[in-house]
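First the structure, in the form of structure tokens, and then the observations on it.
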Amino acid sequence: MLDFEKLVLSSRSIRNFKDKTIDTDILKKLINITRFCPSSANLQSLKYIIVNNPIFCQKVFDNIKFAGYLPNGTVPKPNCESRAYIIICNDNKISKNPLLIDAGIVAQTIMLYANSLGISGCMVGSFSEKNIKSALNIKDDYDTALVLALGYKNEDVEITDVNNNDIKYYRDNNIHYIPKRELGDIIIDVFD
């Protein structure tokens, strides 16, 4: 297994995947680790839907949007769509307030664990909740918080420095470039 710093640095948003399925048992393993994540007031209101059937994967794919900074239709390339999704839902019977902080914590945990297993992915917050709930017959008791697109990567990602405060990611050939701010730009020094 990679050390933690390398694991985080190699865990990038991937949007083009190989035509290789992810076994349900592996997806359950990724979800199982979330049972041990922190949870606001220990409510544990998050629940998960596993989607790895090609027909239902297409229904999810048709209702999500990838990479808002890129021209429409740029990613994923044809036949490079996700081979599995984990949909993070809030159980409204447990908590009426969607716990987006909790969703972020479990999403990052899943993505890091997936990366340690050689699986890549992308956290997708731009989706049609109404259409996904209808396509997958998700009951009104659940609100969808995030969609995790998963698969085996079929593209390269490189981190670059932010230039002129431009944080928009971009593509060149089959490389996806992600500008990141410098350490000095993200630390607020209040003691000067």
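If you're wondering about the labels, chains in the structure tokens are A, B, ... by order shown, residues count from 1 in each chain, ligands from 1 in order shown.
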
### Task
Output as a ChimeraX atom specification all residues of chain A that backbone DSSP marks as strand (DSSP E).
/A:46-51,84-91,120-124,142-151,156-161,170-172,175-180

Could you produce a table of the residues of range 57-116 of chain A lying within 6 Å of range 30-49 of chain A, with the nearest pair of atoms per residue and their separation in Å rounded to one decimal, using only C-alpha atoms, ordered by chain and increasing residue number, as CSV?
residue,atom,partner,partner_atom,distance
A:Ile86,CA,A:Ile49,CA,5.6
A:Ile87,CA,A:Ile49,CA,5.0
A:Ile88,CA,A:Tyr48,CA,4.8
A:Cys89,CA,A:Lys47,CA,5.1
A:Asn90,CA,A:Leu46,CA,4.6
A:Asp91,CA,A:Ser45,CA,5.2
A:Ile94,CA,A:Ser45,CA,5.6
A:Asp102,CA,A:Ser39,CA,5.8
A:Val106,CA,A:Thr34,CA,5.6
A:Ile110,CA,A:Leu30,CA,5.5

### Expected answer as an MDAnalysis selection string: alpha helix (DSSP H) residues in chain A
chainID A and resid 4:10 24:32 54:61 100:116 129:136 183:186

How close does range 3-84 of chain A get to range 138-152 of chain A? List, as JSON lines, each residue of range 3-84 of chain A within 6 Å, its nearest atom pair and the distance in Å to one decimal, counting only C-alpha atoms.
{"residue": "A:Phe17", "atom": "CA", "partner": "A:Tyr152", "partner_atom": "CA", "distance": 5.3}
{"residue": "A:Lys18", "atom": "CA", "partner": "A:Tyr152", "partner_atom": "CA", "distance": 5.5}
{"residue": "A:Ser82", "atom": "CA", "partner": "A:Gly151", "partner_atom": "CA", "distance": 5.5}
{"residue": "A:Arg83", "atom": "CA", "partner": "A:Gly151", "partner_atom": "CA", "distance": 5.4}
{"residue": "A:Ala84", "atom": "CA", "partner": "A:Leu150", "partner_atom": "CA", "distance": 5.1}

Pick out the residues sitting within 12 Å of Gln58 in chain A, and hand them over as a compact mmCIF listing (two decimals) with C-alpha atoms, in the first residue's frame; count only C-alpha atoms, and ignore anything fewer than 2 positions along from it in its own chain.
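For reference, selection-v4.txt as written:
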# COMPACT_ATOMS: atom_id res chain seq x y z
CA VAL A 51 -24.87 0.68 -9.41
CA ASN A 52 -22.70 -1.59 -11.56
CA ASN A 53 -25.24 -3.07 -13.96
CA PRO A 54 -24.52 -1.55 -17.43
CA ILE A 55 -28.18 -0.65 -18.05
CA PHE A 56 -28.48 1.26 -14.77
CA VAL A 60 -27.02 7.36 -14.01
CA PHE A 61 -24.55 8.59 -16.64
CA ASP A 62 -27.37 10.22 -18.62
CA ASN A 63 -28.24 12.34 -15.57
CA ILE A 64 -24.84 13.58 -14.40
CA ASN A 79 -17.04 4.04 -24.40
CA CYS A 80 -14.97 5.38 -21.49
CA GLU A 81 -17.86 5.97 -19.09
CA SER A 82 -17.82 4.83 -15.46
CA ARG A 83 -18.34 1.12 -14.91
CA ALA A 84 -19.83 1.62 -11.45
CA TYR A 85 -21.41 4.27 -9.28
CA ILE A 132 -31.77 9.59 -10.93
CA ALA A 135 -34.52 5.91 -12.99
CA LEU A 136 -33.38 3.87 -9.99
CA ALA A 149 -18.30 7.55 -10.57

### Task
List the neighbours of Ser13 in chain A out to 10 Å using only C-alpha atoms; skip same-chain residues closer than 4 positions along the sequence, and give me the result as a list in words.
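Result of the neighbour search: Ala67, Met111, Ser120, Gly121, Cys122, Met123, Val124, Ala149, Leu150, Lys153, Val157, His176 and Ile178 of chain A.
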
Just the selected residues (N, CA and C atoms), exported as a short mmCIF file (atom, residue, chain, number, x, y, z; two decimals), in the first residue's frame, please.
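Contents of selection.cif, freshly written:
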data_model
loop_
_atom_site.label_atom_id
_atom_site.label_comp_id
_atom_site.auth_asym_id
_atom_site.auth_seq_id
_atom_site.Cartn_x
_atom_site.Cartn_y
_atom_site.Cartn_z
N ALA A 67 -17.09 17.69 -15.39
CA ALA A 67 -16.10 18.69 -15.82
C ALA A 67 -16.73 19.95 -16.41
N MET A 111 -13.04 7.28 -1.91
CA MET A 111 -12.13 7.53 -3.03
C MET A 111 -10.69 7.16 -2.68
N SER A 120 -10.10 4.17 -9.70
CA SER A 120 -10.17 5.62 -9.75
C SER A 120 -11.61 6.08 -9.76
N GLY A 121 -11.80 7.38 -9.65
CA GLY A 121 -13.17 7.87 -9.68
C GLY A 121 -13.26 9.37 -9.70
N CYS A 122 -14.48 9.82 -9.63
CA CYS A 122 -14.78 11.25 -9.63
C CYS A 122 -16.01 11.48 -8.77
N MET A 123 -15.91 12.44 -7.85
CA MET A 123 -17.08 12.84 -7.06
C MET A 123 -17.90 13.79 -7.93
N VAL A 124 -19.16 13.46 -8.14
CA VAL A 124 -20.02 14.25 -9.02
C VAL A 124 -21.12 14.89 -8.20
N ALA A 149 -18.53 8.31 -9.35
CA ALA A 149 -18.30 7.55 -10.57
C ALA A 149 -16.98 6.80 -10.40
N LEU A 150 -16.99 5.49 -10.63
CA LEU A 150 -15.82 4.66 -10.36
C LEU A 150 -15.44 3.79 -11.54
N LYS A 153 -8.80 3.69 -14.38
CA LYS A 153 -8.50 4.89 -15.16
C LYS A 153 -7.96 4.61 -16.54
N VAL A 157 -3.54 12.32 -15.25
CA VAL A 157 -3.84 13.60 -14.62
C VAL A 157 -2.55 14.15 -14.05
N HIS A 176 -5.16 15.39 -18.34
CA HIS A 176 -6.05 16.33 -17.65
C HIS A 176 -5.18 17.10 -16.64
N ILE A 178 -4.68 19.88 -13.61
CA ILE A 178 -5.44 20.47 -12.51
C ILE A 178 -4.56 21.48 -11.78
#

### Message
I'd like to know which of A:Ile186, A:Ile167, A:Asn115, A:Glu155 is closest to Leu7 in chain A, using only C-alpha atoms.
### Response
A:Asn115

### Distance criterion (only C-alpha atoms): nearest to Thr109 in chain A out of A:Lys6, A:Pro71, A:Ile50, A:Lys29
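Checking each candidate against Thr109 in chain A, we get A:Lys29 as the closest.
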